[in-house]
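Have a look at coords37.txt; it's compact mmCIF, C-alpha atoms:
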```
# COMPACT_ATOMS: atom_id res chain seq x y z
CA MET A 1 0.00 0.00 0.00
CA ALA A 2 1.09 3.58 -0.70
CA ASN A 3 1.11 4.54 2.97
CA ARG A 4 3.20 1.65 4.28
CA THR A 5 6.76 2.11 5.47
CA ASP A 6 9.44 0.52 3.31
CA THR A 7 9.93 -3.08 4.38
CA GLN A 8 13.70 -2.56 4.44
CA ALA A 9 13.47 0.44 6.78
CA ASP A 10 14.91 0.19 10.28
CA THR A 11 13.04 1.27 13.37
CA VAL A 12 13.85 4.76 14.66
CA HIS A 13 13.88 5.31 18.42
CA GLY A 14 12.36 1.86 18.74
CA THR A 15 9.33 2.46 16.52
CA ASN A 16 8.11 2.57 12.93
CA PRO A 17 9.65 5.76 11.45
CA GLN A 18 6.28 7.10 10.30
CA TYR A 19 4.95 6.84 13.85
CA LEU A 20 7.26 9.71 14.79
CA VAL A 21 4.54 11.87 13.22
CA ASP A 22 1.34 11.96 15.25
CA ARG A 23 -1.42 9.69 13.92
CA ILE A 24 -3.88 12.53 13.39
CA ILE A 25 -1.30 14.48 11.38
CA ARG A 26 -0.40 11.34 9.39
CA ASN A 27 -4.02 10.75 8.43
CA LYS A 28 -4.37 14.34 7.25
CA ILE A 29 -1.30 13.86 5.07
CA TYR A 30 -2.55 10.52 3.68
CA ASN A 31 -5.85 12.16 2.69
CA ASP A 32 -4.28 15.24 1.12
CA ALA A 33 -4.35 15.62 -2.65
CA TYR A 34 -0.65 16.55 -2.83
CA TRP A 35 0.33 13.31 -1.07
CA LYS A 36 -1.88 11.18 -3.31
CA GLU A 37 -0.89 12.84 -6.55
CA PHE A 38 2.78 13.75 -6.12
CA CYS A 39 4.28 11.70 -3.27
CA PHE A 40 3.29 8.24 -4.50
CA GLY A 41 6.33 6.38 -5.80
CA LEU A 42 8.88 9.05 -4.84
CA THR A 43 12.49 7.89 -4.47
CA THR A 44 15.48 9.56 -2.85
CA GLU A 45 16.37 11.03 -6.26
CA SER A 46 12.92 12.20 -7.39
CA LEU A 47 12.24 13.67 -3.94
CA ILE A 48 14.93 16.27 -4.69
CA ASP A 49 12.87 17.54 -7.63
CA LYS A 50 9.80 17.93 -5.43
CA ALA A 51 11.82 19.66 -2.71
CA ALA A 52 13.07 22.12 -5.33
CA GLU A 53 9.46 23.12 -6.02
CA ILE A 54 8.41 23.98 -2.47
CA ASP A 55 8.73 27.60 -1.38
CA TYR A 56 8.05 27.56 2.36
CA VAL A 57 8.37 25.43 5.48
CA GLY A 58 5.40 24.60 7.65
CA GLY A 59 3.25 21.97 9.30
CA THR A 60 -0.54 22.06 9.06
CA TYR A 61 -2.46 25.28 8.56
CA GLY A 62 -5.92 26.77 8.19
CA GLY A 63 -9.26 25.77 9.62
CA ARG A 64 -9.05 22.29 8.15
CA ARG A 65 -5.40 21.92 9.18
CA ARG A 66 -4.20 21.13 5.68
CA PRO A 67 -0.64 19.73 5.63
CA ALA A 68 2.05 21.79 3.91
CA LYS A 69 4.00 20.21 1.08
CA PHE A 70 7.07 20.42 3.31
CA LEU A 71 5.36 18.20 5.89
CA CYS A 72 4.19 15.74 3.23
CA LEU A 73 7.74 15.32 1.91
CA PHE A 74 9.03 14.97 5.47
CA LEU A 75 6.68 12.04 6.08
CA LYS A 76 7.68 10.55 2.73
CA MET A 77 11.31 10.57 3.86
CA LEU A 78 10.34 8.70 7.01
CA GLN A 79 8.47 6.21 4.85
CA ILE A 80 11.28 5.45 2.39
CA GLN A 81 14.15 6.07 4.88
CA PRO A 82 16.98 7.30 2.62
CA ASP A 83 20.54 6.23 3.45
CA GLU A 84 22.40 8.51 5.84
CA ASP A 85 24.87 9.64 3.19
CA VAL A 86 21.91 10.75 1.04
CA ILE A 87 20.49 12.80 3.92
CA LEU A 88 23.91 14.35 4.51
CA GLU A 89 24.02 15.29 0.84
CA TYR A 90 20.62 16.97 1.22
CA ILE A 91 21.99 18.96 4.17
CA GLN A 92 25.39 19.85 2.75
CA GLN A 93 24.39 20.86 -0.77
CA PRO A 94 24.36 24.68 -0.97
CA ASP A 95 21.80 25.41 -3.66
CA LEU A 96 18.35 24.20 -2.53
CA LYS A 97 17.67 25.78 0.84
CA TYR A 98 14.33 24.04 1.40
CA LEU A 99 15.91 20.68 0.66
CA ARG A 100 18.52 21.54 3.30
CA ALA A 101 15.79 22.42 5.80
CA LEU A 102 13.98 19.17 4.99
CA GLY A 103 17.13 17.11 5.43
CA ALA A 104 17.98 18.89 8.70
CA ALA A 105 14.51 18.21 10.15
CA TYR A 106 14.73 14.55 9.16
CA TYR A 107 18.24 14.21 10.59
CA ARG A 108 17.18 15.83 13.86
CA ILE A 109 14.36 13.37 14.42
CA SER A 110 16.12 10.21 13.26
CA SER A 111 19.80 10.39 14.22
CA ARG A 112 21.96 9.94 17.33
CA HIS A 113 22.27 12.90 19.65
CA VAL A 114 26.00 13.40 19.08
CA ASP A 115 25.61 13.22 15.31
CA VAL A 116 22.79 15.75 15.45
CA TYR A 117 25.05 18.29 17.14
CA LYS A 118 28.00 17.62 14.85
CA THR A 119 25.95 17.83 11.66
CA LEU A 120 23.43 20.58 12.36
CA GLU A 121 25.43 23.08 14.42
CA PRO A 122 27.46 24.24 11.36
CA LEU A 123 24.15 25.32 9.81
CA TYR A 124 23.97 28.17 12.32
CA ALA A 125 26.24 29.91 9.79
CA ASP A 126 23.50 29.79 7.14
CA TYR A 127 21.55 33.06 7.28
CA ARG A 128 19.42 32.64 4.16
CA LYS A 129 15.79 33.64 4.33
CA LEU A 130 13.01 31.05 4.50
CA ARG A 131 9.28 31.55 4.19
CA PHE A 132 7.33 30.02 7.08
CA ARG A 133 3.59 29.31 7.18
CA ASP A 134 2.08 29.24 10.66
CA LEU A 135 -1.01 27.48 11.97
CA THR A 136 -3.33 30.26 10.79
CA GLY A 137 -1.87 30.12 7.28
CA LYS A 138 -0.03 33.43 7.62
CA MET A 139 3.33 33.70 5.89
CA SER A 140 6.38 35.22 7.55
CA ILE A 141 10.12 35.41 6.93
CA ILE A 142 12.54 33.46 9.11
CA HIS A 143 16.17 32.49 8.53
CA MET A 144 17.87 29.13 8.20
CA ASP A 145 19.84 29.55 11.43
CA GLU A 146 16.56 30.33 13.22
CA PHE A 147 14.96 27.16 11.84
CA ILE A 148 17.99 25.14 13.00
CA ASP A 149 17.66 26.67 16.45
CA TRP A 150 14.02 25.55 16.55
CA LEU A 151 15.15 21.99 15.84
CA PHE A 152 17.45 22.16 18.86
CA THR A 153 15.24 24.03 21.31
CA GLU A 154 11.55 23.60 20.47
CA LYS A 155 9.46 20.58 21.47
CA THR A 156 7.39 20.75 18.28
CA VAL A 157 8.50 21.96 14.85
CA CYS A 158 6.10 21.97 11.89
CA ASP A 159 3.63 19.84 13.90
CA VAL A 160 6.25 17.16 14.51
CA THR A 161 7.31 16.36 18.06
CA MET A 162 11.08 16.42 18.40
CA PRO A 163 12.73 13.59 20.39
CA GLY A 164 14.46 14.62 23.60
CA LEU A 165 17.98 15.96 23.12
CA PRO A 166 20.55 16.09 25.96
CA LYS A 167 22.06 19.49 26.63
CA ARG A 168 25.37 20.08 24.94
CA GLU A 169 27.13 20.57 28.28
CA ILE A 170 26.20 17.04 29.31
CA LEU A 171 27.66 15.50 26.15
CA GLU A 172 30.80 17.60 26.58
CA ALA A 173 31.15 16.42 30.19
CA THR A 174 30.95 12.79 29.10
CA LEU A 175 33.53 13.49 26.36
CA ASP A 176 31.09 12.39 23.67
CA LEU A 177 31.22 15.84 22.11
CA PRO A 178 34.13 18.32 21.87
CA PRO A 179 33.58 21.92 23.04
CA ARG A 180 31.74 23.98 20.51
CA GLU A 181 33.80 26.38 18.41
CA SER A 182 31.86 29.52 17.67
CA ILE A 183 31.95 30.79 14.10
CA LEU A 184 32.51 34.26 15.59
CA GLU A 185 35.77 33.39 17.35
CA ASP A 186 37.98 34.18 14.35
CA ASP A 187 36.18 37.49 13.80
CA LEU A 188 36.64 38.45 17.45
CA ALA A 189 40.34 37.59 17.25
CA ASP A 190 40.69 39.85 14.22
CA LEU A 191 38.99 42.69 16.10
CA ASP A 192 41.41 42.24 19.00
CA ASP A 193 44.31 42.65 16.60
CA LEU A 194 42.85 45.93 15.35
CA GLU A 195 42.42 47.50 18.79
CA PRO A 196 44.89 50.38 19.52
CA PRO A 197 47.52 49.81 22.21
CA PRO A 198 46.59 51.03 25.71
CA PRO A 199 47.89 54.47 26.85
CA GLY A 200 51.46 54.37 28.08
CA ALA A 201 52.38 51.29 26.08
CA ALA A 202 55.91 51.23 24.66
CA ALA A 203 56.22 52.41 21.10
CA PRO A 204 57.39 49.84 18.55
CA PRO A 205 61.09 49.98 17.62
CA SER A 206 62.10 52.15 14.70
CA PRO A 207 62.58 50.32 11.41
CA SER A 208 66.20 49.61 10.56
CA GLY A 209 68.04 48.50 7.48
CA PRO A 210 70.01 45.28 7.01
CA SER A 211 73.07 46.75 8.71
CA GLY A 212 71.14 48.03 11.70
CA ASP A 213 71.30 51.71 10.65
CA ILE A 214 68.20 53.81 10.96
CA GLY A 215 66.41 53.76 7.65
CA THR A 216 64.62 56.52 5.85
CA ALA A 217 61.30 54.80 5.48
CA ALA A 218 58.07 56.79 5.50
CA GLY A 219 57.60 58.49 8.83
CA SER A 220 61.35 58.67 9.68
CA VAL A 221 63.46 61.84 9.45
CA ALA A 222 66.59 61.76 7.27
CA PRO A 223 69.77 63.31 8.79
CA GLN A 224 70.58 66.78 7.45
CA GLU A 225 74.05 68.16 6.67
CA VAL A 226 75.08 71.27 8.60
CA ALA A 227 76.76 73.92 6.48
CA PRO A 228 80.26 75.04 7.80
CA GLN A 229 80.35 78.49 9.31
CA SER A 230 82.62 81.04 7.63
```
What do you get writing this file as structure tokens?
Amino acid sequence: MANRTDTQADTVHGTNPQYLVDRIIRNKIYNDAYWKEFCFGLTTESLIDKAAEIDYVGGTYGGRRRPAKFLCLFLKMLQIQPDEDVILEYIQQPDLKYLRALGAAYYRISSRHVDVYKTLEPLYADYRKLRFRDLTGKMSIIHMDEFIDWLFTEKTVCDVTMPGLPKREILEATLDLPPRESILEDDLADLDDLEPPPPGAAAPPSPSGPSGDIGTAAGSVAPQEVAPQS
């Protein structure tokens, strides 16, 4: 049947992958025209083409709680369970931002805690705009790094309940995860180099030539000859 999980799929967090989406939400997706017409028979390759067509992220919306295309494709990924290297390719490719968001949401819900941190934290450096459709159907602008932060901090994203995630400090304490390196550290170091020296600091030595004599570079004063007195 079109709504069955792939027989080769592994369980995720001890359950059928599709069951990670609430049953009521699943039934709305199964009964949606987009699911019936465009999601039947999708593969890991053809799903990329469909992801390229979507233009916003979202869960269900409106009075009838219609599922967004983003949510339909998310459930399809749980159904066909692409290989991990395929999901990583979805996340790491730079061109299709909604495919990246889709891959990140799938990876967050299906992968080990340590791998989630290692793979998704670099996406905080992605500031591209995304359109988001809320429960009422209203569109707004968010950014990719904001969406990634939702995946880490919110209990529910796009009507999907996120599995519990240990705090980063706990994984660092158990040595499962190295300390996080902020993408701003290099910029801050550059700013430190540009700061003027504090008052009273020793002036840098005057430039000198190869023989140690004082040179006549810009800013230095050349010695002047004194005319003999008559």
My list of candidates is A:Ile24, A:Val57, A:Met162, A:Val12. Which is closest to Leu102 (chain A) when distances are computed with all atoms listed in the file?
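With all atoms listed in the file as the atom set, the closest residue is A:Val57.
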Between A:Leu96, A:Leu42, A:Cys72, A:Ala105, which residue has the minimum interatomic distance to Thr156 (chain A), considering all atoms listed in the file?
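Smallest distance to Thr156 (chain A) is found for A:Ala105.
Using all atoms listed in the file, the smallest distance between any of A:Ala101, A:Ile91, A:Thr15, A:Asp85 and Phe132 (chain A) comes from A:Ala101.
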Report, in Å with one decimal, the straight-line distance from CA of Tyr107 (chain A) to CA of Gly41 (chain A).
21.7 Å
Around (4.5, 9.2, 2.7), as given in the file, which residues come within 12 Å? Count only C-alpha atoms and list them as a VMD selection string.
chain A and resid 1 to 6 17 to 19 21 25 to 32 34 to 43 47 69 to 81
Show me the residues around (2.7, 23.3, 11.6) - criterion: an atom at most 7 Å away, only C-alpha atoms counted - as a short mmCIF file (atom, residue, chain, number, x, y, z; two decimals) with C-alpha atoms, in the frame of the given file.
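After the write, point_14.cif holds the following:
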```
data_model
loop_
_atom_site.label_atom_id
_atom_site.label_comp_id
_atom_site.auth_asym_id
_atom_site.auth_seq_id
_atom_site.Cartn_x
_atom_site.Cartn_y
_atom_site.Cartn_z
CA GLY A 58 5.40 24.60 7.65
CA GLY A 59 3.25 21.97 9.30
CA THR A 60 -0.54 22.06 9.06
CA TYR A 61 -2.46 25.28 8.56
CA ASP A 134 2.08 29.24 10.66
CA LEU A 135 -1.01 27.48 11.97
CA VAL A 157 8.50 21.96 14.85
CA CYS A 158 6.10 21.97 11.89
CA ASP A 159 3.63 19.84 13.90
#
```
Excluding Gly164 (chain A) and any residue of its chain fewer than 6 positions from it, enumerate the residues within 12 Å of it, using all atoms listed in the file, and give them as a PyMOL selection string.
chain A and resi 13+108-113+116+151-156
